file start16.txt (compact mmCIF, N, CA and C atoms)
# COMPACT_ATOMS: atom_id res chain seq x y z
N MET A 1 -28.75 -29.13 36.50
CA MET A 1 -29.24 -27.98 35.78
C MET A 1 -28.44 -26.73 36.15
N VAL A 2 -28.11 -26.58 37.42
CA VAL A 2 -27.30 -25.44 37.86
C VAL A 2 -25.92 -25.52 37.21
N ARG A 3 -25.39 -26.74 37.16
CA ARG A 3 -24.06 -26.92 36.56
C ARG A 3 -24.10 -26.54 35.07
N GLU A 4 -25.15 -26.97 34.34
CA GLU A 4 -25.27 -26.64 32.93
C GLU A 4 -25.40 -25.13 32.73
N LEU A 5 -26.12 -24.46 33.62
CA LEU A 5 -26.28 -23.03 33.55
C LEU A 5 -24.94 -22.34 33.74
N ARG A 6 -24.13 -22.79 34.70
CA ARG A 6 -22.80 -22.22 34.93
C ARG A 6 -21.91 -22.41 33.70
N ILE A 7 -21.94 -23.59 33.11
CA ILE A 7 -21.12 -23.87 31.93
C ILE A 7 -21.55 -22.98 30.77
N ASN A 8 -22.87 -22.81 30.60
CA ASN A 8 -23.36 -21.95 29.52
C ASN A 8 -22.96 -20.50 29.73
N ILE A 9 -23.04 -20.02 30.96
CA ILE A 9 -22.64 -18.64 31.26
C ILE A 9 -21.15 -18.46 31.01
N LEU A 10 -20.36 -19.43 31.45
CA LEU A 10 -18.91 -19.38 31.23
C LEU A 10 -18.60 -19.40 29.73
N LEU A 11 -19.28 -20.25 28.99
CA LEU A 11 -19.06 -20.35 27.56
C LEU A 11 -19.42 -19.04 26.86
N LEU A 12 -20.54 -18.44 27.25
CA LEU A 12 -20.95 -17.15 26.68
C LEU A 12 -19.93 -16.05 26.98
N ALA A 13 -19.40 -16.05 28.18
CA ALA A 13 -18.40 -15.05 28.56
C ALA A 13 -17.13 -15.20 27.72
N VAL A 14 -16.68 -16.43 27.54
CA VAL A 14 -15.48 -16.68 26.73
C VAL A 14 -15.72 -16.27 25.29
N LEU A 15 -16.83 -16.69 24.71
CA LEU A 15 -17.14 -16.34 23.33
C LEU A 15 -17.31 -14.83 23.16
N GLY A 16 -17.92 -14.19 24.11
CA GLY A 16 -18.08 -12.73 24.05
C GLY A 16 -16.74 -12.02 24.06
N ASN A 17 -15.81 -12.48 24.90
CA ASN A 17 -14.47 -11.88 24.93
C ASN A 17 -13.73 -12.12 23.62
N LEU A 18 -13.86 -13.31 23.05
CA LEU A 18 -13.21 -13.58 21.77
C LEU A 18 -13.77 -12.69 20.67
N ALA A 19 -15.07 -12.56 20.62
CA ALA A 19 -15.69 -11.72 19.59
C ALA A 19 -15.25 -10.27 19.75
N TRP A 20 -15.18 -9.76 20.96
CA TRP A 20 -14.73 -8.39 21.18
C TRP A 20 -13.28 -8.23 20.77
N SER A 21 -12.45 -9.22 21.08
CA SER A 21 -11.04 -9.17 20.72
C SER A 21 -10.86 -9.11 19.21
N PHE A 22 -11.56 -9.97 18.45
CA PHE A 22 -11.43 -9.96 17.00
C PHE A 22 -11.97 -8.66 16.42
N SER A 23 -13.07 -8.16 16.97
CA SER A 23 -13.65 -6.92 16.50
C SER A 23 -12.71 -5.75 16.74
N ALA A 24 -12.09 -5.71 17.90
CA ALA A 24 -11.16 -4.62 18.22
C ALA A 24 -9.96 -4.65 17.29
N GLN A 25 -9.46 -5.85 16.98
CA GLN A 25 -8.32 -5.94 16.08
C GLN A 25 -8.68 -5.52 14.66
N ALA A 26 -9.88 -5.83 14.20
CA ALA A 26 -10.28 -5.51 12.84
C ALA A 26 -10.52 -4.02 12.65
N ASN A 27 -10.77 -3.29 13.72
CA ASN A 27 -11.09 -1.88 13.62
C ASN A 27 -9.92 -0.95 13.91
N TYR A 28 -8.71 -1.46 14.06
CA TYR A 28 -7.57 -0.60 14.33
C TYR A 28 -7.20 0.16 13.07
N ASN A 29 -6.43 1.21 13.22
CA ASN A 29 -5.90 1.96 12.10
C ASN A 29 -4.41 1.71 12.01
N GLY A 30 -3.98 1.06 10.95
CA GLY A 30 -2.58 0.71 10.78
C GLY A 30 -1.81 1.80 10.04
N LYS A 31 -0.50 1.71 10.15
CA LYS A 31 0.40 2.65 9.48
C LYS A 31 1.28 1.86 8.52
N LEU A 32 1.44 2.37 7.31
CA LEU A 32 2.28 1.75 6.29
C LEU A 32 3.46 2.67 6.01
N THR A 33 4.67 2.13 6.11
CA THR A 33 5.87 2.87 5.74
C THR A 33 6.43 2.22 4.48
N VAL A 34 6.65 3.04 3.45
CA VAL A 34 7.16 2.58 2.18
C VAL A 34 8.57 3.13 2.00
N GLU A 35 9.54 2.23 1.86
CA GLU A 35 10.92 2.64 1.57
C GLU A 35 11.13 2.53 0.07
N ILE A 36 11.55 3.64 -0.55
CA ILE A 36 11.73 3.69 -1.99
C ILE A 36 13.22 3.74 -2.31
N ASP A 37 13.69 2.72 -3.02
CA ASP A 37 15.10 2.61 -3.39
C ASP A 37 15.23 2.71 -4.91
N GLY A 38 16.45 2.99 -5.36
CA GLY A 38 16.74 2.97 -6.78
C GLY A 38 16.50 4.25 -7.52
N LEU A 39 16.36 5.38 -6.81
CA LEU A 39 16.17 6.66 -7.48
C LEU A 39 17.40 6.98 -8.33
N LYS A 40 17.17 7.37 -9.57
CA LYS A 40 18.26 7.68 -10.50
C LYS A 40 18.91 9.01 -10.17
N ASN A 41 18.13 9.94 -9.64
CA ASN A 41 18.63 11.26 -9.25
C ASN A 41 17.67 11.87 -8.24
N LYS A 42 17.97 13.08 -7.78
CA LYS A 42 17.12 13.76 -6.79
C LYS A 42 16.26 14.85 -7.41
N GLU A 43 16.10 14.82 -8.72
CA GLU A 43 15.27 15.82 -9.40
C GLU A 43 13.79 15.53 -9.17
N GLY A 44 13.00 16.60 -9.02
CA GLY A 44 11.56 16.46 -8.94
C GLY A 44 11.05 15.90 -7.63
N GLN A 45 10.05 15.03 -7.75
CA GLN A 45 9.36 14.48 -6.60
C GLN A 45 9.03 13.02 -6.84
N VAL A 46 8.63 12.35 -5.77
CA VAL A 46 8.12 10.99 -5.87
C VAL A 46 6.66 11.04 -5.45
N CYS A 47 5.81 10.43 -6.28
CA CYS A 47 4.38 10.36 -5.98
C CYS A 47 3.98 8.90 -5.81
N ALA A 48 3.20 8.65 -4.77
CA ALA A 48 2.75 7.29 -4.46
C ALA A 48 1.23 7.28 -4.33
N ASN A 49 0.62 6.29 -4.94
CA ASN A 49 -0.82 6.07 -4.83
C ASN A 49 -1.04 4.71 -4.21
N ILE A 50 -1.94 4.66 -3.21
CA ILE A 50 -2.28 3.38 -2.60
C ILE A 50 -3.71 3.03 -2.98
N PHE A 51 -3.89 1.77 -3.39
CA PHE A 51 -5.19 1.26 -3.83
C PHE A 51 -5.62 0.15 -2.88
N ALA A 52 -6.93 0.10 -2.61
CA ALA A 52 -7.48 -0.95 -1.74
C ALA A 52 -8.16 -2.05 -2.55
N THR A 53 -8.36 -1.82 -3.85
CA THR A 53 -8.98 -2.84 -4.70
C THR A 53 -8.30 -2.82 -6.07
N SER A 54 -8.62 -3.79 -6.88
CA SER A 54 -8.05 -3.88 -8.22
C SER A 54 -8.64 -2.84 -9.16
N LYS A 55 -9.80 -2.31 -8.83
CA LYS A 55 -10.45 -1.33 -9.69
C LYS A 55 -9.61 -0.07 -9.80
N GLY A 56 -9.14 0.19 -11.02
CA GLY A 56 -8.37 1.40 -11.28
C GLY A 56 -6.87 1.26 -11.09
N PHE A 57 -6.43 0.16 -10.51
CA PHE A 57 -4.99 0.00 -10.28
C PHE A 57 -4.29 -0.21 -11.62
N PRO A 58 -3.20 0.45 -11.89
CA PRO A 58 -2.42 1.34 -11.03
C PRO A 58 -2.55 2.82 -11.34
N SER A 59 -3.43 3.21 -12.31
CA SER A 59 -3.34 4.60 -12.78
C SER A 59 -4.61 5.44 -12.70
N ASP A 60 -5.72 4.88 -12.27
CA ASP A 60 -6.96 5.66 -12.20
C ASP A 60 -6.98 6.51 -10.93
N ARG A 61 -6.77 7.79 -11.11
CA ARG A 61 -6.68 8.71 -9.96
C ARG A 61 -7.97 8.77 -9.14
N ASP A 62 -9.10 8.46 -9.77
CA ASP A 62 -10.38 8.49 -9.05
C ASP A 62 -10.55 7.30 -8.12
N ARG A 63 -9.75 6.28 -8.26
CA ARG A 63 -9.86 5.07 -7.43
C ARG A 63 -8.78 4.98 -6.35
N VAL A 64 -7.95 6.00 -6.25
CA VAL A 64 -6.86 6.00 -5.27
C VAL A 64 -7.42 6.18 -3.86
N LEU A 65 -6.98 5.34 -2.93
CA LEU A 65 -7.40 5.46 -1.54
C LEU A 65 -6.68 6.62 -0.86
N GLN A 66 -5.36 6.66 -1.01
CA GLN A 66 -4.54 7.76 -0.48
C GLN A 66 -3.45 8.07 -1.49
N LYS A 67 -3.06 9.33 -1.56
CA LYS A 67 -2.01 9.77 -2.47
C LYS A 67 -1.04 10.66 -1.71
N GLN A 68 0.21 10.60 -2.10
CA GLN A 68 1.21 11.43 -1.45
C GLN A 68 2.33 11.71 -2.43
N CYS A 69 2.73 12.98 -2.54
CA CYS A 69 3.89 13.38 -3.33
C CYS A 69 4.84 14.13 -2.42
N ILE A 70 6.13 13.78 -2.49
CA ILE A 70 7.11 14.49 -1.68
C ILE A 70 8.36 14.78 -2.50
N LYS A 71 8.96 15.91 -2.20
CA LYS A 71 10.20 16.29 -2.83
C LYS A 71 11.30 15.34 -2.37
N ILE A 72 12.19 15.01 -3.27
CA ILE A 72 13.25 14.06 -2.95
C ILE A 72 14.34 14.76 -2.16
N SER A 73 14.63 14.23 -0.98
CA SER A 73 15.68 14.80 -0.14
C SER A 73 16.79 13.78 0.09
N ASP A 74 16.43 12.65 0.64
CA ASP A 74 17.41 11.61 0.94
C ASP A 74 17.06 10.34 0.17
N THR A 75 18.04 9.48 0.07
CA THR A 75 17.78 8.15 -0.48
C THR A 75 18.32 7.12 0.50
N PRO A 76 17.64 6.05 0.79
CA PRO A 76 16.29 5.78 0.28
C PRO A 76 15.28 6.76 0.86
N LEU A 77 14.19 6.92 0.16
CA LEU A 77 13.13 7.85 0.54
C LEU A 77 12.04 7.08 1.30
N LEU A 78 11.51 7.68 2.35
CA LEU A 78 10.45 7.04 3.14
C LEU A 78 9.15 7.82 3.02
N LEU A 79 8.06 7.09 2.77
CA LEU A 79 6.71 7.65 2.76
C LEU A 79 5.89 6.90 3.80
N THR A 80 4.95 7.60 4.44
CA THR A 80 4.09 6.96 5.43
C THR A 80 2.63 7.23 5.12
N PHE A 81 1.85 6.17 5.14
CA PHE A 81 0.40 6.26 5.00
C PHE A 81 -0.20 5.84 6.33
N LYS A 82 -1.19 6.60 6.81
CA LYS A 82 -1.81 6.30 8.11
C LYS A 82 -3.28 5.95 7.92
N ASN A 83 -3.87 5.43 8.99
CA ASN A 83 -5.30 5.12 9.06
C ASN A 83 -5.74 4.09 8.04
N LEU A 84 -4.97 3.01 7.92
CA LEU A 84 -5.34 1.92 7.03
C LEU A 84 -5.99 0.79 7.82
N LYS A 85 -7.13 0.35 7.36
CA LYS A 85 -7.79 -0.81 7.97
C LYS A 85 -7.07 -2.08 7.55
N ALA A 86 -7.25 -3.14 8.29
CA ALA A 86 -6.65 -4.43 7.92
C ALA A 86 -7.17 -4.84 6.55
N GLY A 87 -6.26 -5.32 5.69
CA GLY A 87 -6.67 -5.77 4.37
C GLY A 87 -5.54 -5.74 3.38
N SER A 88 -5.88 -6.02 2.13
CA SER A 88 -4.90 -6.03 1.04
C SER A 88 -4.86 -4.66 0.37
N TYR A 89 -3.65 -4.25 0.03
CA TYR A 89 -3.41 -2.98 -0.65
C TYR A 89 -2.35 -3.19 -1.71
N ALA A 90 -2.26 -2.23 -2.64
CA ALA A 90 -1.17 -2.20 -3.61
C ALA A 90 -0.77 -0.74 -3.79
N VAL A 91 0.53 -0.52 -3.97
CA VAL A 91 1.07 0.83 -4.11
C VAL A 91 1.72 0.96 -5.48
N ALA A 92 1.45 2.09 -6.15
CA ALA A 92 2.10 2.44 -7.41
C ALA A 92 2.87 3.74 -7.18
N ILE A 93 4.12 3.77 -7.63
CA ILE A 93 5.00 4.93 -7.39
C ILE A 93 5.58 5.41 -8.70
N ILE A 94 5.72 6.74 -8.83
CA ILE A 94 6.45 7.31 -9.96
C ILE A 94 7.50 8.28 -9.45
N HIS A 95 8.62 8.34 -10.18
CA HIS A 95 9.63 9.38 -9.94
C HIS A 95 9.30 10.48 -10.94
N ASP A 96 8.55 11.47 -10.46
CA ASP A 96 8.04 12.57 -11.28
C ASP A 96 9.14 13.63 -11.39
N GLN A 97 10.06 13.44 -12.31
CA GLN A 97 11.23 14.31 -12.41
C GLN A 97 10.88 15.74 -12.81
N ASN A 98 9.82 15.93 -13.58
CA ASN A 98 9.46 17.28 -14.04
C ASN A 98 8.28 17.88 -13.26
N ASN A 99 7.88 17.25 -12.16
CA ASN A 99 6.84 17.77 -11.26
C ASN A 99 5.49 18.03 -11.93
N ASP A 100 5.12 17.22 -12.94
CA ASP A 100 3.82 17.43 -13.57
C ASP A 100 2.74 16.48 -13.05
N GLY A 101 3.10 15.58 -12.12
CA GLY A 101 2.12 14.69 -11.51
C GLY A 101 1.74 13.48 -12.33
N THR A 102 2.41 13.25 -13.45
CA THR A 102 2.10 12.09 -14.28
C THR A 102 3.37 11.33 -14.64
N LEU A 103 3.20 10.07 -15.00
CA LEU A 103 4.32 9.27 -15.49
C LEU A 103 4.46 9.55 -16.98
N ASN A 104 5.47 10.30 -17.34
CA ASN A 104 5.68 10.65 -18.74
C ASN A 104 6.26 9.46 -19.50
N SER A 105 5.94 9.42 -20.80
CA SER A 105 6.45 8.34 -21.65
C SER A 105 6.84 8.91 -23.00
N ASN A 106 7.60 8.11 -23.75
CA ASN A 106 8.02 8.55 -25.09
C ASN A 106 6.92 8.26 -26.11
N ARG A 107 7.20 8.49 -27.38
CA ARG A 107 6.19 8.32 -28.43
C ARG A 107 5.72 6.87 -28.58
N LEU A 108 6.53 5.94 -28.11
CA LEU A 108 6.15 4.53 -28.18
C LEU A 108 5.37 4.07 -26.94
N GLY A 109 5.18 4.97 -25.97
CA GLY A 109 4.47 4.63 -24.75
C GLY A 109 5.35 4.05 -23.66
N ILE A 110 6.66 4.07 -23.87
CA ILE A 110 7.60 3.55 -22.87
C ILE A 110 7.87 4.64 -21.85
N PRO A 111 7.71 4.35 -20.56
CA PRO A 111 7.92 5.38 -19.53
C PRO A 111 9.32 6.00 -19.62
N SER A 112 9.35 7.32 -19.54
CA SER A 112 10.63 8.04 -19.54
C SER A 112 11.02 8.48 -18.12
N GLU A 113 10.19 8.16 -17.15
CA GLU A 113 10.47 8.44 -15.75
C GLU A 113 10.42 7.11 -14.99
N GLY A 114 11.00 7.11 -13.79
CA GLY A 114 11.02 5.90 -12.99
C GLY A 114 9.65 5.55 -12.42
N PHE A 115 9.46 4.27 -12.14
CA PHE A 115 8.20 3.80 -11.58
C PHE A 115 8.48 2.55 -10.75
N GLY A 116 7.53 2.19 -9.91
CA GLY A 116 7.67 0.98 -9.12
C GLY A 116 6.34 0.59 -8.50
N PHE A 117 6.27 -0.66 -8.03
CA PHE A 117 5.05 -1.19 -7.45
C PHE A 117 5.38 -1.99 -6.20
N SER A 118 4.45 -2.03 -5.27
CA SER A 118 4.63 -2.87 -4.09
C SER A 118 4.82 -4.31 -4.53
N SER A 119 5.51 -5.07 -3.73
CA SER A 119 5.88 -6.46 -4.00
C SER A 119 6.87 -6.60 -5.15
N ASN A 120 7.28 -5.49 -5.76
CA ASN A 120 8.30 -5.47 -6.82
C ASN A 120 8.10 -6.54 -7.89
N PRO A 121 6.90 -6.60 -8.51
CA PRO A 121 6.68 -7.60 -9.56
C PRO A 121 7.52 -7.27 -10.79
N GLU A 122 7.79 -8.29 -11.58
CA GLU A 122 8.52 -8.06 -12.83
C GLU A 122 7.60 -7.33 -13.80
N VAL A 123 8.14 -6.29 -14.44
CA VAL A 123 7.37 -5.50 -15.39
C VAL A 123 8.02 -5.65 -16.76
N ARG A 124 7.22 -6.09 -17.73
CA ARG A 124 7.76 -6.27 -19.09
C ARG A 124 7.04 -5.35 -20.07
N THR A 125 5.85 -5.73 -20.49
CA THR A 125 5.15 -4.96 -21.52
C THR A 125 3.97 -4.16 -20.99
N SER A 126 3.58 -4.40 -19.73
CA SER A 126 2.46 -3.65 -19.16
C SER A 126 2.58 -3.63 -17.64
N ALA A 127 1.79 -2.78 -17.04
CA ALA A 127 1.79 -2.68 -15.58
C ALA A 127 1.27 -3.98 -14.97
N PRO A 128 1.71 -4.30 -13.75
CA PRO A 128 1.23 -5.52 -13.10
C PRO A 128 -0.24 -5.41 -12.71
N LYS A 129 -0.85 -6.54 -12.47
CA LYS A 129 -2.22 -6.57 -11.94
C LYS A 129 -2.15 -6.34 -10.43
N PHE A 130 -3.28 -5.94 -9.86
CA PHE A 130 -3.37 -5.66 -8.42
C PHE A 130 -2.82 -6.83 -7.61
N ASP A 131 -3.24 -8.05 -7.95
CA ASP A 131 -2.83 -9.24 -7.19
C ASP A 131 -1.32 -9.44 -7.19
N GLU A 132 -0.65 -9.02 -8.26
CA GLU A 132 0.80 -9.17 -8.34
C GLU A 132 1.54 -8.16 -7.45
N ALA A 133 0.89 -7.05 -7.14
CA ALA A 133 1.50 -6.01 -6.33
C ALA A 133 0.94 -5.96 -4.91
N ALA A 134 -0.06 -6.76 -4.62
CA ALA A 134 -0.77 -6.70 -3.33
C ALA A 134 0.10 -7.18 -2.17
N PHE A 135 -0.16 -6.59 -1.02
CA PHE A 135 0.46 -6.98 0.24
C PHE A 135 -0.60 -6.80 1.31
N LEU A 136 -0.36 -7.36 2.47
CA LEU A 136 -1.34 -7.36 3.55
C LEU A 136 -0.94 -6.40 4.67
N VAL A 137 -1.87 -5.57 5.08
CA VAL A 137 -1.73 -4.77 6.29
C VAL A 137 -2.52 -5.51 7.36
N ALA A 138 -1.82 -6.03 8.37
CA ALA A 138 -2.50 -6.86 9.38
C ALA A 138 -2.08 -6.50 10.79
N GLY A 139 -1.35 -5.43 10.96
CA GLY A 139 -0.89 -5.01 12.27
C GLY A 139 -0.79 -3.50 12.32
N PRO A 140 -0.37 -2.96 13.45
CA PRO A 140 -0.31 -1.51 13.58
C PRO A 140 0.78 -0.86 12.72
N ASN A 141 1.84 -1.60 12.39
CA ASN A 141 2.93 -1.05 11.57
C ASN A 141 3.34 -2.06 10.51
N THR A 142 3.24 -1.65 9.26
CA THR A 142 3.65 -2.48 8.14
C THR A 142 4.72 -1.73 7.36
N ASN A 143 5.80 -2.41 7.01
CA ASN A 143 6.89 -1.80 6.24
C ASN A 143 7.08 -2.59 4.96
N ILE A 144 7.17 -1.86 3.83
CA ILE A 144 7.48 -2.50 2.56
C ILE A 144 8.59 -1.71 1.88
N GLN A 145 9.22 -2.33 0.89
CA GLN A 145 10.29 -1.70 0.13
C GLN A 145 9.92 -1.81 -1.35
N ILE A 146 10.10 -0.69 -2.08
CA ILE A 146 9.83 -0.67 -3.51
C ILE A 146 11.10 -0.23 -4.23
N GLN A 147 11.49 -1.01 -5.21
CA GLN A 147 12.67 -0.72 -6.03
C GLN A 147 12.18 -0.07 -7.33
N LEU A 148 12.60 1.18 -7.58
CA LEU A 148 12.19 1.86 -8.80
C LEU A 148 12.88 1.25 -10.02
N LYS A 149 12.18 1.34 -11.16
CA LYS A 149 12.71 0.85 -12.42
C LYS A 149 12.72 2.00 -13.43
N TYR A 150 13.69 1.99 -14.30
CA TYR A 150 13.81 2.98 -15.38
C TYR A 150 14.07 2.23 -16.67
N PHE A 151 13.44 2.70 -17.76
CA PHE A 151 13.72 2.10 -19.07
C PHE A 151 14.61 3.02 -19.85

call {"tool": "encode", "arguments": {"input": "start16.txt", "output": "structure tokens"}}
result
Amino acid sequence: MVRELRINILLLAVLGNLAWSFSAQANYNGKLTVEIDGLKNKEGQVCANIFATSKGFPSDRDRVLQKQCIKISDTPLLLTFKNLKAGSYAVAIIHDQNNDGTLNSNRLGIPSEGFGFSSNPEVRTSAPKFDEAAFLVAGPNTNIQIQLKYF
């Protein structure tokens, strides 16, 4: 009986440490660095929106988790998002050449400014779905690269 009690105490201690370890890892705040390549010029700014769910991706401003716009200085351009919990995210980027905060398009609805998405999915007639652009943040530092496209 004493031996069983020792084994149970040891087992509880091991399981308790494992649970604390997984809990501590799940509650960290990760950093995402986005490298943006393929800028056609240095006019205007680049705006990036990060989404944590498919709802609203890629253009609903009310569903954006974090947003960042920066003036273009160097290429490739680097953006950093902080305080991200472990999970799936997707990033939508525009090269806002006229600084109006929107992706402008022509009369046919074809974008007249550059755009890009995390995971660099192929874009033909419409924006990709969240799952096509999703990537995983699972550590303290995650780096992705987005190649801008122009029509």

call {"tool": "select_by_dssp", "arguments": {"input": "start16.txt", "residues": "chain A", "states": "alpha helix (DSSP H)", "output": "MDAnalysis selection string"}}
result
chainID A and resid 2:26 130:133

call {"tool": "residues_around", "arguments": {"input": "start16.txt", "residues": "A:Gln66", "least_positions_apart": "5", "cutoff": "8 Å", "atoms": "all atoms listed in the file", "output": "list in words"}}
result
Ala48, Asn49, Ile50, Phe51, Ala52 and Phe81 of chain A

call {"tool": "atom_distance", "arguments": {"input": "start16.txt", "atom1": "atom CA of A:Leu78", "atom2": "atom CA of A:Gly109"}}
result
28.6 Å

call {"tool": "residues_around", "arguments": {"input": "start16.txt", "residues": "A:Ile70", "least_positions_apart": "5", "cutoff": "6 Å", "atoms": "only N, CA and C atoms", "output": "NGL selection string"}}
result
:A and (44-47)

call {"tool": "select_by_dssp", "arguments": {"input": "start16.txt", "residues": "stretch 9-139 of chain A", "states": "strand (DSSP E)", "output": "PyMOL selection string"}}
result
chain A and resi 30-37+45-51+66-71+77-84+87-96+115-117+135-137
